[in-house]
Amino acid sequence: MDVTRATPVLVVGGAGYIGAHTVKALSDLGYRPVVYDNLSSGFREACLWGDFVHGDVRDGRALREVMTTHQIGAVIHFASLIEVGRSVARPDLFWEVNVGGTTSLLCAMRECGVSRLVFSSTAAVYGAGAGEGNAALNEELPKDPTSPYGDTKLACERMIANQAAAFGITAVALRYFNAAGADPSGLIGEAHDPETHLIPLAIAAATGAGKPLTVFGEDFDTPDGTCLRDYIHVNDLAAAHVAALQAPLPHGAFEAVNVGAGEGRSVRQVIEAVTQATGRPVPYTVGGRRAGDPASLVADPARAASLLGWKAQRSGLLQIVQDATAWHRAQRYGRVAAATGQILELHRRAAAGG
Ligand SMILES: NC(=O)c1ccc[n+]([C@@H]2O[C@H](COP(=O)([O-])OP(=O)(O)OC[C@H]3O[C@@H](n4cnc5c(N)ncnc54)[C@H](O)[C@@H]3O)[C@@H](O)[C@H]2O)c1
C-alpha cells in the first residue's frame with residue numbers, strides 16, 4: 001500500500017524525543033499521525049499533534065485495537081529502552097521491550113494488514129572496529145554490536161527483514177547516529193532521564209543546571225584526541241522518517257539506511273559550540289576512555305541520498321547546539337512536571353490538613 005497524506009500513521013513511541021519531532025513533521029506535511037506510547041520515558045506534553053493512545057508495544061491486543069479503530073496504514077516504531085549502560089545491567093528488560101515489543105508489533109501489523117514499517121535502529125549495530133582510521137561507516141560493514149542494546153536492535157532488524165520478505169511488508173530500518181538539537185518552535189525537545197547524551201550534558205554544565213562535564217579520553221587517534229561523532233539534527237532525522245515512509249520500494253523489501261550528517265565532530269568542538277551558543281564556558285574534567293567507545297562513528301549517508309532522496313539540512317554543529325540551548329532554556333516539560341509536582345504537593349498538604 002502506498003502511503004499518502006490520507007493514510008493514518010501509527011507512531012509507536014511518539015511521545016519520546018525523536019518520535020515527537022517526527023509526529024510534528026508528519027502533521028506539518030498534512031499526514032494523520034496517531035501516537036501510541038506507554039509514557040515510560042515519553043511526555044504527554046510532547047503529544048501536541050494527532051491523536052494519542054496510551055498503550056504498551058508488547059500488548060498485541062491493544063495494538064490490534066488501535067490499528068483497526070484508526071484504520072492505520074503505516075507504522076513508525078520508536079518505542080524502546082535506549083540506555084546502553086543499563087542494557088549491560090538489565091539485558092533481560094532490553095530483550096523483552098525491544099525485541100518482544102517489535103515481535104508483537106509485527107504480529108499485529110500482519111493480522112491487521114498493515115504493510116509499511118519504519119524502524120528506529122542505530123549505529124550501535126556496527127562493531128567496535130568500525131570507523132577505524134576515522135573512516136565513514138557504510139551499511140555493508142560487519143555488524144557486531146558491543147552492547148546488549150545494540151544486540152537487540154540488530155535482532156529486531158533481522159526479524160523485520162525475515163517477516164518483511166515472508167509477509168510482504170515494506171520496511172526501512174534507519175540507523176541513526178547521534179540525534180541532537182530541538183525543534184525551533186521551542187515546543188518539543190530532548191528530555192531523557194537520565195540524560196547520557198553529550199550536547200544536553202554540556203549545555204547543563206555551562207548553564208549551571210548540571211554537574212561539570214567529563215570528557216572520556218583525550219588520547220584517541222583523532223585530530224584533537226577526543227572522540228568523533230556524527231551529530232544529526234532531530235528535525236533532519238524526522239524528515240528521514242517521512243522520506244522512508246514515501247520511498248518507492250517493492251513489497252517485501254527491507255532496507256537498512258544510515259542517517260547521519262556525514263561529518264565527524266569532536267567532543268572539543270562540541271564544547272566550543274556550547275560555549276559560543278550559551279555565552280558561558282563549559283566546566284569539564286578529563287576522565288579515562290569508556291569501555292567499547294570507538295574513536296570515530298561517522299555515517300556515510302550516500303544510501304539515504306540515493307534510496308530516500310534525503311540529505312541533512314539543519315545539522316551544522318552550531319545550529320544544532322543553538323536549537324538545543326533554546327530548548328534547554330525553555331524547559332517546557334520540566335516546568336509542566338514541576339508545576340504538576342507542586343500541585344500534587346499542595347493537594348497532599350491539604351489532605352493532611354497542613
Ligand atoms: N537518541 C538517540 O541519539 C538515538 C540514537 C540511535 C537510535 N535511537 C533509537 O531511537 C528511538 C527513539 O529514541 P529517543 O531518544 O526518542 O528515546 P525516548 O526514550 O525519548 O523515546 C522512546 C519512547 O518510547 C516509549 N516507550 C518505551 N517503551 C515502551 C513500551 N514498552 N510501550 C510503548 N511505548 C514505549 C517511551 O515512553 C518514549 O516515549 C529508540 O528506539 C532508540 O533506540 C536513538
# chains A, B, ... in the order shown; residues from 1 in each chain; ligands from 1
$ closest_atom_pairs --of "chain A" --to "ligand 1" --cutoff "7 Å" --atoms "only C-alpha atoms and all ligand atoms" --output "JSON lines"
{"residue": "A:Val12", "atom": "CA", "partner": "ligand 1", "partner_atom_place_in_ligand_line": "34 (N)", "distance": 6.2}
{"residue": "A:Gly13", "atom": "CA", "partner": "ligand 1", "partner_atom_place_in_ligand_line": "24 (O)", "distance": 3.5}
{"residue": "A:Gly14", "atom": "CA", "partner": "ligand 1", "partner_atom_place_in_ligand_line": "39 (O)", "distance": 5.6}
{"residue": "A:Ala15", "atom": "CA", "partner": "ligand 1", "partner_atom_place_in_ligand_line": "39 (O)", "distance": 4.0}
{"residue": "A:Gly16", "atom": "CA", "partner": "ligand 1", "partner_atom_place_in_ligand_line": "39 (O)", "distance": 3.2}
{"residue": "A:Tyr17", "atom": "CA", "partner": "ligand 1", "partner_atom_place_in_ligand_line": "16 (O)", "distance": 3.6}
{"residue": "A:Ile18", "atom": "CA", "partner": "ligand 1", "partner_atom_place_in_ligand_line": "16 (O)", "distance": 3.8}
{"residue": "A:Gly19", "atom": "CA", "partner": "ligand 1", "partner_atom_place_in_ligand_line": "16 (O)", "distance": 5.5}
{"residue": "A:Tyr36", "atom": "CA", "partner": "ligand 1", "partner_atom_place_in_ligand_line": "33 (C)", "distance": 6.6}
{"residue": "A:Asp37", "atom": "CA", "partner": "ligand 1", "partner_atom_place_in_ligand_line": "34 (N)", "distance": 3.8}
{"residue": "A:Asn38", "atom": "CA", "partner": "ligand 1", "partner_atom_place_in_ligand_line": "33 (C)", "distance": 4.2}
{"residue": "A:Leu39", "atom": "CA", "partner": "ligand 1", "partner_atom_place_in_ligand_line": "37 (O)", "distance": 3.6}
{"residue": "A:Ser40", "atom": "CA", "partner": "ligand 1", "partner_atom_place_in_ligand_line": "37 (O)", "distance": 3.9}
{"residue": "A:Ser41", "atom": "CA", "partner": "ligand 1", "partner_atom_place_in_ligand_line": "37 (O)", "distance": 3.9}
{"residue": "A:Gly42", "atom": "CA", "partner": "ligand 1", "partner_atom_place_in_ligand_line": "39 (O)", "distance": 3.1}
{"residue": "A:Phe43", "atom": "CA", "partner": "ligand 1", "partner_atom_place_in_ligand_line": "39 (O)", "distance": 6.4}
{"residue": "A:Gly55", "atom": "CA", "partner": "ligand 1", "partner_atom_place_in_ligand_line": "33 (C)", "distance": 5.8}
{"residue": "A:Asp56", "atom": "CA", "partner": "ligand 1", "partner_atom_place_in_ligand_line": "32 (N)", "distance": 3.4}
{"residue": "A:Val57", "atom": "CA", "partner": "ligand 1", "partner_atom_place_in_ligand_line": "32 (N)", "distance": 3.9}
{"residue": "A:Arg58", "atom": "CA", "partner": "ligand 1", "partner_atom_place_in_ligand_line": "31 (N)", "distance": 6.0}
{"residue": "A:Phe78", "atom": "CA", "partner": "ligand 1", "partner_atom_place_in_ligand_line": "41 (O)", "distance": 4.2}
{"residue": "A:Ala79", "atom": "CA", "partner": "ligand 1", "partner_atom_place_in_ligand_line": "24 (O)", "distance": 3.4}
{"residue": "A:Ser80", "atom": "CA", "partner": "ligand 1", "partner_atom_place_in_ligand_line": "41 (O)", "distance": 4.5}
{"residue": "A:Leu81", "atom": "CA", "partner": "ligand 1", "partner_atom_place_in_ligand_line": "27 (C)", "distance": 5.7}
{"residue": "A:Ile82", "atom": "CA", "partner": "ligand 1", "partner_atom_place_in_ligand_line": "43 (O)", "distance": 4.6}
{"residue": "A:Val97", "atom": "CA", "partner": "ligand 1", "partner_atom_place_in_ligand_line": "31 (N)", "distance": 5.4}
{"residue": "A:Gly101", "atom": "CA", "partner": "ligand 1", "partner_atom_place_in_ligand_line": "31 (N)", "distance": 6.5}
{"residue": "A:Ser120", "atom": "CA", "partner": "ligand 1", "partner_atom_place_in_ligand_line": "41 (O)", "distance": 4.8}
{"residue": "A:Ser121", "atom": "CA", "partner": "ligand 1", "partner_atom_place_in_ligand_line": "7 (C)", "distance": 5.3}
{"residue": "A:Thr122", "atom": "CA", "partner": "ligand 1", "partner_atom_place_in_ligand_line": "6 (C)", "distance": 4.1}
{"residue": "A:Ala123", "atom": "CA", "partner": "ligand 1", "partner_atom_place_in_ligand_line": "6 (C)", "distance": 6.5}
{"residue": "A:Arg175", "atom": "CA", "partner": "ligand 1", "partner_atom_place_in_ligand_line": "6 (C)", "distance": 6.6}
{"residue": "A:Tyr176", "atom": "CA", "partner": "ligand 1", "partner_atom_place_in_ligand_line": "6 (C)", "distance": 4.5}
{"residue": "A:Phe177", "atom": "CA", "partner": "ligand 1", "partner_atom_place_in_ligand_line": "5 (C)", "distance": 5.6}
{"residue": "A:Asn178", "atom": "CA", "partner": "ligand 1", "partner_atom_place_in_ligand_line": "3 (O)", "distance": 4.4}
{"residue": "A:Ala179", "atom": "CA", "partner": "ligand 1", "partner_atom_place_in_ligand_line": "3 (O)", "distance": 3.9}
{"residue": "A:Ala180", "atom": "CA", "partner": "ligand 1", "partner_atom_place_in_ligand_line": "3 (O)", "distance": 6.7}
{"residue": "A:His192", "atom": "CA", "partner": "ligand 1", "partner_atom_place_in_ligand_line": "20 (O)", "distance": 6.0}
$ write_last_selection --atoms "N, CA and C atoms" --output "mmCIF file, in the first residue's frame"
data_model
loop_
_atom_site.group_PDB
_atom_site.id
_atom_site.type_symbol
_atom_site.label_atom_id
_atom_site.label_comp_id
_atom_site.auth_asym_id
_atom_site.auth_seq_id
_atom_site.Cartn_x
_atom_site.Cartn_y
_atom_site.Cartn_z
ATOM 1 N N VAL A 12 4.609 4.608 17.148
ATOM 2 C CA VAL A 12 4.786 3.892 18.416
ATOM 3 C C VAL A 12 6.022 4.479 19.102
ATOM 4 N N GLY A 13 5.835 4.988 20.319
ATOM 5 C CA GLY A 13 6.922 5.724 20.974
ATOM 6 C C GLY A 13 6.958 7.174 20.524
ATOM 7 N N GLY A 14 5.825 7.673 20.059
ATOM 8 C CA GLY A 14 5.755 9.034 19.504
ATOM 9 C C GLY A 14 5.746 10.134 20.546
ATOM 10 N N ALA A 15 5.733 9.764 21.855
ATOM 11 C CA ALA A 15 5.805 10.788 22.896
ATOM 12 C C ALA A 15 7.246 11.040 23.329
ATOM 13 N N GLY A 16 8.189 10.307 22.726
ATOM 14 C CA GLY A 16 9.597 10.468 23.088
ATOM 15 C C GLY A 16 10.271 11.553 22.254
ATOM 16 N N TYR A 17 11.550 11.648 22.438
ATOM 17 C CA TYR A 17 12.334 12.738 21.814
ATOM 18 C C TYR A 17 12.219 12.727 20.284
ATOM 19 N N ILE A 18 12.700 11.679 19.655
ATOM 20 C CA ILE A 18 12.708 11.663 18.178
ATOM 21 C C ILE A 18 11.290 11.450 17.648
ATOM 22 N N GLY A 19 10.511 10.646 18.379
ATOM 23 C CA GLY A 19 9.131 10.380 17.958
ATOM 24 C C GLY A 19 8.301 11.657 17.879
ATOM 25 N N TYR A 36 1.120 6.214 19.842
ATOM 26 C CA TYR A 36 0.839 5.087 20.748
ATOM 27 C C TYR A 36 2.064 4.962 21.651
ATOM 28 N N ASP A 37 1.883 5.150 22.963
ATOM 29 C CA ASP A 37 3.053 5.252 23.844
ATOM 30 C C ASP A 37 2.627 4.912 25.272
ATOM 31 N N ASN A 38 3.509 4.245 26.025
ATOM 32 C CA ASN A 38 3.169 3.957 27.432
ATOM 33 C C ASN A 38 3.723 5.022 28.383
ATOM 34 N N LEU A 39 4.341 6.062 27.824
ATOM 35 C CA LEU A 39 4.869 7.203 28.586
ATOM 36 C C LEU A 39 5.909 6.785 29.628
ATOM 37 N N SER A 40 6.585 5.654 29.400
ATOM 38 C CA SER A 40 7.603 5.232 30.372
ATOM 39 C C SER A 40 8.799 6.192 30.349
ATOM 40 N N SER A 41 9.121 6.736 29.186
ATOM 41 C CA SER A 41 10.152 7.784 29.134
ATOM 42 C C SER A 41 9.707 8.957 28.265
ATOM 43 N N GLY A 42 8.518 8.885 27.723
ATOM 44 C CA GLY A 42 7.993 9.968 26.887
ATOM 45 C C GLY A 42 7.148 10.934 27.710
ATOM 46 N N PHE A 43 6.657 11.966 27.047
ATOM 47 C CA PHE A 43 5.936 13.033 27.747
ATOM 48 C C PHE A 43 4.600 13.291 27.068
ATOM 49 N N GLY A 55 -0.625 3.077 25.558
ATOM 50 C CA GLY A 55 -0.543 1.623 25.464
ATOM 51 C C GLY A 55 0.897 1.164 25.380
ATOM 52 N N ASP A 56 1.073 -0.148 25.593
ATOM 53 C CA ASP A 56 2.412 -0.735 25.601
ATOM 54 C C ASP A 56 2.640 -1.494 24.289
ATOM 55 N N VAL A 57 3.839 -1.385 23.760
ATOM 56 C CA VAL A 57 4.139 -2.034 22.473
ATOM 57 C C VAL A 57 4.116 -3.562 22.603
ATOM 58 N N ARG A 58 4.188 -4.066 23.832
ATOM 59 C CA ARG A 58 4.129 -5.527 23.995
ATOM 60 C C ARG A 58 2.698 -6.045 24.047
ATOM 61 N N PHE A 78 9.371 3.674 17.292
ATOM 62 C CA PHE A 78 10.468 4.240 18.097
ATOM 63 C C PHE A 78 10.584 3.588 19.473
ATOM 64 N N ALA A 79 9.523 2.909 19.926
ATOM 65 C CA ALA A 79 9.457 2.515 21.344
ATOM 66 C C ALA A 79 10.553 1.523 21.700
ATOM 67 N N SER A 80 11.328 1.889 22.690
ATOM 68 C CA SER A 80 12.482 1.056 23.023
ATOM 69 C C SER A 80 13.106 1.562 24.315
ATOM 70 N N LEU A 81 13.837 0.672 24.979
ATOM 71 C CA LEU A 81 14.747 1.132 26.031
ATOM 72 C C LEU A 81 16.047 1.519 25.333
ATOM 73 N N ILE A 82 16.692 2.601 25.798
ATOM 74 C CA ILE A 82 17.751 3.175 24.957
ATOM 75 C C ILE A 82 19.117 3.353 25.635
ATOM 76 N N VAL A 97 11.504 -5.660 26.042
ATOM 77 C CA VAL A 97 10.827 -4.484 25.475
ATOM 78 C C VAL A 97 11.190 -4.303 23.991
ATOM 79 N N GLY A 101 8.709 -6.326 22.084
ATOM 80 C CA GLY A 101 7.790 -5.295 21.588
ATOM 81 C C GLY A 101 7.707 -5.318 20.071
ATOM 82 N N SER A 120 13.316 2.364 14.140
ATOM 83 C CA SER A 120 14.464 3.095 14.716
ATOM 84 C C SER A 120 15.591 2.135 15.006
ATOM 85 N N SER A 121 16.617 2.139 14.189
ATOM 86 C CA SER A 121 17.805 1.370 14.517
ATOM 87 C C SER A 121 18.925 2.350 14.886
ATOM 88 N N THR A 122 20.133 1.879 14.878
ATOM 89 C CA THR A 122 21.205 2.679 15.473
ATOM 90 C C THR A 122 22.563 2.322 14.879
ATOM 91 N N ALA A 123 23.473 3.266 14.924
ATOM 92 C CA ALA A 123 24.858 3.000 14.520
ATOM 93 C C ALA A 123 25.514 1.987 15.452
ATOM 94 N N ARG A 175 19.308 3.673 10.660
ATOM 95 C CA ARG A 175 20.376 3.567 11.667
ATOM 96 C C ARG A 175 20.850 4.974 11.999
ATOM 97 N N TYR A 176 20.317 5.502 13.118
ATOM 98 C CA TYR A 176 20.667 6.869 13.500
ATOM 99 C C TYR A 176 22.067 6.913 14.065
ATOM 100 N N PHE A 177 22.724 8.034 13.815
ATOM 101 C CA PHE A 177 23.974 8.329 14.507
ATOM 102 C C PHE A 177 23.571 9.161 15.737
ATOM 103 N N ASN A 178 24.172 10.307 16.046
ATOM 104 C CA ASN A 178 23.843 10.956 17.321
ATOM 105 C C ASN A 178 22.750 12.005 17.142
ATOM 106 N N ALA A 179 21.533 11.659 17.539
ATOM 107 C CA ALA A 179 20.416 12.602 17.443
ATOM 108 C C ALA A 179 20.650 13.750 18.415
ATOM 109 N N ALA A 180 20.391 14.971 17.961
ATOM 110 C CA ALA A 180 20.623 16.129 18.832
ATOM 111 C C ALA A 180 19.811 17.318 18.338
ATOM 112 N N HIS A 192 15.750 13.358 28.237
ATOM 113 C CA HIS A 192 15.942 11.996 28.747
ATOM 114 C C HIS A 192 16.267 12.019 30.247
#
$ residues_around --residues "Thr7 of chain A" --least-positions-apart "6" --cutoff "10 Å" --atoms "only C-alpha atoms" --output "list of chain:residue names"
A:Met1, A:Tyr31, A:Arg32, A:Pro33, A:His70, A:Gln71, A:Ile72, A:Gly73, A:Ala74
$ residues_around --residues "Trp49 of chain A" --least-positions-apart "5" --cutoff "10 Å" --atoms "only C-alpha atoms" --output "VMD selection string"
chain A and resid 20 23 to 28 32 to 35
$ closest_atom_pairs --of "segment 275-317 of chain A" --to "segment 213-226 of chain A" --cutoff "8 Å" --atoms "only C-alpha atoms" --output "CSV"
residue,atom,partner,partner_atom,distance
A:Val282,CA,A:Leu213,CA,7.4
A:Pro283,CA,A:Leu213,CA,6.3
A:Tyr284,CA,A:Leu213,CA,4.4
A:Thr285,CA,A:Thr214,CA,5.0
A:Val286,CA,A:Val215,CA,4.7
A:Gly287,CA,A:Phe216,CA,4.9
A:Gly288,CA,A:Gly217,CA,4.9
A:Arg289,CA,A:Gly217,CA,4.4
A:Arg290,CA,A:Phe216,CA,6.2
A:Ala295,CA,A:Phe220,CA,5.8
A:Ser296,CA,A:Thr222,CA,7.7
$ residues_around --residues "Ser266 of chain A" --least-positions-apart "6" --cutoff "7 Å" --atoms "only C-alpha atoms" --output "list in words"
Thr226, Cys227, Leu228 and Arg229 of chain A
$ select_by_dssp --residues "segment 28-250 of chain A" --states "helix (DSSP H, G or I)" --output "JSON, numbers by chain"
{"A": [28, 44, 45, 46, 60, 61, 62, 63, 64, 65, 66, 67, 68, 69, 84, 85, 86, 87, 88, 89, 91, 92, 93, 94, 95, 96, 97, 98, 99, 100, 101, 102, 103, 104, 105, 106, 107, 108, 109, 110, 111, 112, 123, 124, 125, 132, 133, 134, 148, 149, 150, 151, 152, 153, 154, 155, 156, 157, 158, 159, 160, 161, 162, 163, 164, 165, 166, 167, 198, 199, 200, 201, 202, 203, 204, 205, 206, 207, 234, 235, 236, 237, 238, 239, 240, 241, 242, 243, 244, 245, 246]}
$ write_last_selection --atoms "C-alpha atoms" --output "PDB file, in the first residue's frame"
ATOM      1  CA  ASP A  28       3.200  19.795   9.304  1.00  0.00           C
ATOM      2  CA  ARG A  44       2.240  13.617  27.318  1.00  0.00           C
ATOM      3  CA  GLU A  45       3.116  17.334  26.894  1.00  0.00           C
ATOM      4  CA  ALA A  46       5.069  16.393  23.746  1.00  0.00           C
ATOM      5  CA  GLY A  60      -0.760  -7.161  20.948  1.00  0.00           C
ATOM      6  CA  ARG A  61      -4.451  -6.813  21.691  1.00  0.00           C
ATOM      7  CA  ALA A  62      -4.240  -3.057  22.287  1.00  0.00           C
ATOM      8  CA  LEU A  63      -2.129  -2.678  19.135  1.00  0.00           C
ATOM      9  CA  ARG A  64      -4.707  -4.545  17.039  1.00  0.00           C
ATOM     10  CA  GLU A  65      -7.430  -2.378  18.509  1.00  0.00           C
ATOM     11  CA  VAL A  66      -5.673   0.917  17.727  1.00  0.00           C
ATOM     12  CA  MET A  67      -4.759  -0.269  14.211  1.00  0.00           C
ATOM     13  CA  THR A  68      -8.343  -1.240  13.487  1.00  0.00           C
ATOM     14  CA  THR A  69     -10.033   1.748  15.132  1.00  0.00           C
ATOM     15  CA  VAL A  84      23.473   1.426  26.626  1.00  0.00           C
ATOM     16  CA  GLY A  85      24.845   1.194  30.197  1.00  0.00           C
ATOM     17  CA  ARG A  86      21.541  -0.035  31.602  1.00  0.00           C
ATOM     18  CA  SER A  87      21.368  -2.673  28.868  1.00  0.00           C
ATOM     19  CA  VAL A  88      24.524  -4.248  30.308  1.00  0.00           C
ATOM     20  CA  ALA A  89      22.982  -4.406  33.797  1.00  0.00           C
ATOM     21  CA  PRO A  91      19.679  -7.185  29.265  1.00  0.00           C
ATOM     22  CA  ASP A  92      16.513  -9.112  30.161  1.00  0.00           C
ATOM     23  CA  LEU A  93      14.451  -5.904  30.083  1.00  0.00           C
ATOM     24  CA  PHE A  94      16.011  -4.793  26.796  1.00  0.00           C
ATOM     25  CA  TRP A  95      15.233  -8.097  25.060  1.00  0.00           C
ATOM     26  CA  GLU A  96      11.714  -8.057  26.491  1.00  0.00           C
ATOM     27  CA  VAL A  97      10.827  -4.484  25.475  1.00  0.00           C
ATOM     28  CA  ASN A  98      12.908  -4.007  22.323  1.00  0.00           C
ATOM     29  CA  VAL A  99      12.676  -7.454  20.752  1.00  0.00           C
ATOM     30  CA  GLY A 100       9.460  -8.607  22.447  1.00  0.00           C
ATOM     31  CA  GLY A 101       7.790  -5.295  21.588  1.00  0.00           C
ATOM     32  CA  THR A 102       8.855  -5.498  17.947  1.00  0.00           C
ATOM     33  CA  THR A 103       7.620  -9.117  17.788  1.00  0.00           C
ATOM     34  CA  SER A 104       4.159  -8.154  18.995  1.00  0.00           C
ATOM     35  CA  LEU A 105       4.065  -5.099  16.719  1.00  0.00           C
ATOM     36  CA  LEU A 106       4.922  -7.162  13.609  1.00  0.00           C
ATOM     37  CA  CYS A 107       2.299  -9.731  14.588  1.00  0.00           C
ATOM     38  CA  ALA A 108      -0.382  -7.039  14.974  1.00  0.00           C
ATOM     39  CA  MET A 109       0.621  -5.478  11.644  1.00  0.00           C
ATOM     40  CA  ARG A 110       0.282  -8.842   9.893  1.00  0.00           C
ATOM     41  CA  GLU A 111      -3.105  -9.530  11.474  1.00  0.00           C
ATOM     42  CA  CYS A 112      -4.399  -6.052  10.606  1.00  0.00           C
ATOM     43  CA  ALA A 123      24.858   3.000  14.520  1.00  0.00           C
ATOM     44  CA  ALA A 124      25.432   0.753  17.565  1.00  0.00           C
ATOM     45  CA  VAL A 125      24.804  -2.280  15.306  1.00  0.00           C
ATOM     46  CA  GLU A 132      38.946   2.689  12.170  1.00  0.00           C
ATOM     47  CA  GLY A 133      41.160   5.399  10.730  1.00  0.00           C
ATOM     48  CA  ASN A 134      38.167   7.744  11.181  1.00  0.00           C
ATOM     49  CA  PRO A 148      23.050  -5.746  24.679  1.00  0.00           C
ATOM     50  CA  TYR A 149      21.268  -2.586  23.440  1.00  0.00           C
ATOM     51  CA  GLY A 150      22.969  -2.923  20.034  1.00  0.00           C
ATOM     52  CA  ASP A 151      22.286  -6.682  20.050  1.00  0.00           C
ATOM     53  CA  THR A 152      18.556  -6.096  20.491  1.00  0.00           C
ATOM     54  CA  LYS A 153      18.450  -3.545  17.658  1.00  0.00           C
ATOM     55  CA  LEU A 154      20.307  -5.878  15.291  1.00  0.00           C
ATOM     56  CA  ALA A 155      17.996  -8.743  16.283  1.00  0.00           C
ATOM     57  CA  CYS A 156      14.984  -6.514  15.501  1.00  0.00           C
ATOM     58  CA  GLU A 157      16.427  -5.593  12.099  1.00  0.00           C
ATOM     59  CA  ARG A 158      16.860  -9.282  11.231  1.00  0.00           C
ATOM     60  CA  MET A 159      13.412 -10.215  12.490  1.00  0.00           C
ATOM     61  CA  ILE A 160      11.864  -7.381  10.462  1.00  0.00           C
ATOM     62  CA  ALA A 161      13.810  -8.392   7.324  1.00  0.00           C
ATOM     63  CA  ASN A 162      12.625 -12.016   7.670  1.00  0.00           C
ATOM     64  CA  GLN A 163       8.994 -11.067   8.212  1.00  0.00           C
ATOM     65  CA  ALA A 164       9.023  -8.363   5.534  1.00  0.00           C
ATOM     66  CA  ALA A 165      10.065 -10.980   2.968  1.00  0.00           C
ATOM     67  CA  ALA A 166       7.601 -13.605   4.229  1.00  0.00           C
ATOM     68  CA  PHE A 167       4.555 -11.372   4.682  1.00  0.00           C
ATOM     69  CA  LEU A 198      26.910  14.896  25.226  1.00  0.00           C
ATOM     70  CA  ILE A 199      25.203  18.060  23.958  1.00  0.00           C
ATOM     71  CA  PRO A 200      22.493  18.367  26.664  1.00  0.00           C
ATOM     72  CA  LEU A 201      25.070  17.436  29.333  1.00  0.00           C
ATOM     73  CA  ALA A 202      27.465  20.114  28.072  1.00  0.00           C
ATOM     74  CA  ILE A 203      24.682  22.729  27.978  1.00  0.00           C
ATOM     75  CA  ALA A 204      23.614  21.789  31.508  1.00  0.00           C
ATOM     76  CA  ALA A 205      27.231  22.084  32.684  1.00  0.00           C
ATOM     77  CA  ALA A 206      27.669  25.513  31.034  1.00  0.00           C
ATOM     78  CA  THR A 207      24.436  26.928  32.416  1.00  0.00           C
ATOM     79  CA  VAL A 234      16.450  15.774  15.213  1.00  0.00           C
ATOM     80  CA  ASN A 235      14.395  17.622  12.574  1.00  0.00           C
ATOM     81  CA  ASP A 236      16.613  16.129   9.864  1.00  0.00           C
ATOM     82  CA  LEU A 237      16.009  12.725  11.450  1.00  0.00           C
ATOM     83  CA  ALA A 238      12.268  13.374  11.445  1.00  0.00           C
ATOM     84  CA  ALA A 239      12.431  14.246   7.738  1.00  0.00           C
ATOM     85  CA  ALA A 240      14.260  10.961   7.082  1.00  0.00           C
ATOM     86  CA  HIS A 241      11.294   9.062   8.561  1.00  0.00           C
ATOM     87  CA  VAL A 242       8.860  10.825   6.254  1.00  0.00           C
ATOM     88  CA  ALA A 243      11.165  10.064   3.303  1.00  0.00           C
ATOM     89  CA  ALA A 244      11.367   6.400   4.371  1.00  0.00           C
ATOM     90  CA  LEU A 245       7.557   6.170   4.526  1.00  0.00           C
ATOM     91  CA  GLN A 246       7.321   7.522   0.989  1.00  0.00           C
TER      92      GLN A 246
END
$ atom_distance --atom1 "atom CA of Ala305 of chain A" --atom2 "atom CA of Asn138 of chain A"
12.6 Å
$ select_by_dssp --residues "segment 114-236 of chain A" --states "strand (DSSP E)" --output "list in words"
Arg116, Leu117, Val118, Phe119, Ser120, Ser121, Thr122, Thr170, Ala171, Val172, Ala173, Leu174, Arg175, Tyr176, Asn178, Ala179, Ala180, Leu213, Thr214, Val215, Phe216, Leu228, Arg229, Tyr231, Ile232 and His233 of chain A
$ write_last_selection --atoms "C-alpha atoms" --output "tab-separated table (two decimals), in the first residue's frame"
chain	number	residue	atom	x	y	z
A	116	ARG	CA	4.59	-0.45	5.78
A	117	LEU	CA	7.12	-0.02	8.63
A	118	VAL	CA	9.91	2.38	9.53
A	119	PHE	CA	12.07	1.17	12.42
A	120	SER	CA	14.46	3.09	14.72
A	121	SER	CA	17.80	1.37	14.52
A	122	THR	CA	21.21	2.68	15.47
A	170	THR	CA	7.87	-2.96	3.13
A	171	ALA	CA	10.30	-1.93	5.86
A	172	VAL	CA	13.11	0.55	6.34
A	173	ALA	CA	15.43	0.47	9.37
A	174	LEU	CA	17.02	3.86	9.92
A	175	ARG	CA	20.38	3.57	11.67
A	176	TYR	CA	20.67	6.87	13.50
A	178	ASN	CA	23.84	10.96	17.32
A	179	ALA	CA	20.42	12.60	17.44
A	180	ALA	CA	20.62	16.13	18.83
A	213	LEU	CA	31.19	17.52	32.05
A	214	THR	CA	33.50	14.53	31.93
A	215	VAL	CA	35.40	14.11	28.67
A	216	PHE	CA	36.00	10.38	28.31
A	228	LEU	CA	34.46	11.97	16.75
A	229	ARG	CA	30.69	11.56	16.44
A	231	TYR	CA	25.53	14.77	15.19
A	232	ILE	CA	22.29	14.81	13.26
A	233	HIS	CA	19.60	17.41	13.93
$ atom_distance --atom1 "atom CA of Trp327 of chain A" --atom2 "atom CA of Gly189 of chain A"
6.1 Å
$ closest_residue --among "A:Gln269, A:Ser115, A:Ser185, A:Ser147" --to "Gly292 of chain A" --atoms "only C-alpha atoms"
A:Ser147
$ closest_residue --among "A:Ser306, A:Gln313, A:Thr146, A:Thr325" --to "Val257 of chain A" --atoms "only C-alpha atoms"
A:Ser306
$ atom_distance --atom1 "atom CA of Val270 of chain A" --atom2 "atom CA of Ala304 of chain A"
25.0 Å
$ closest_residue --among "A:Ala261, A:His328, A:Val114, A:Arg303" --to "Ser315 of chain A" --atoms "only C-alpha atoms"
A:Ala261
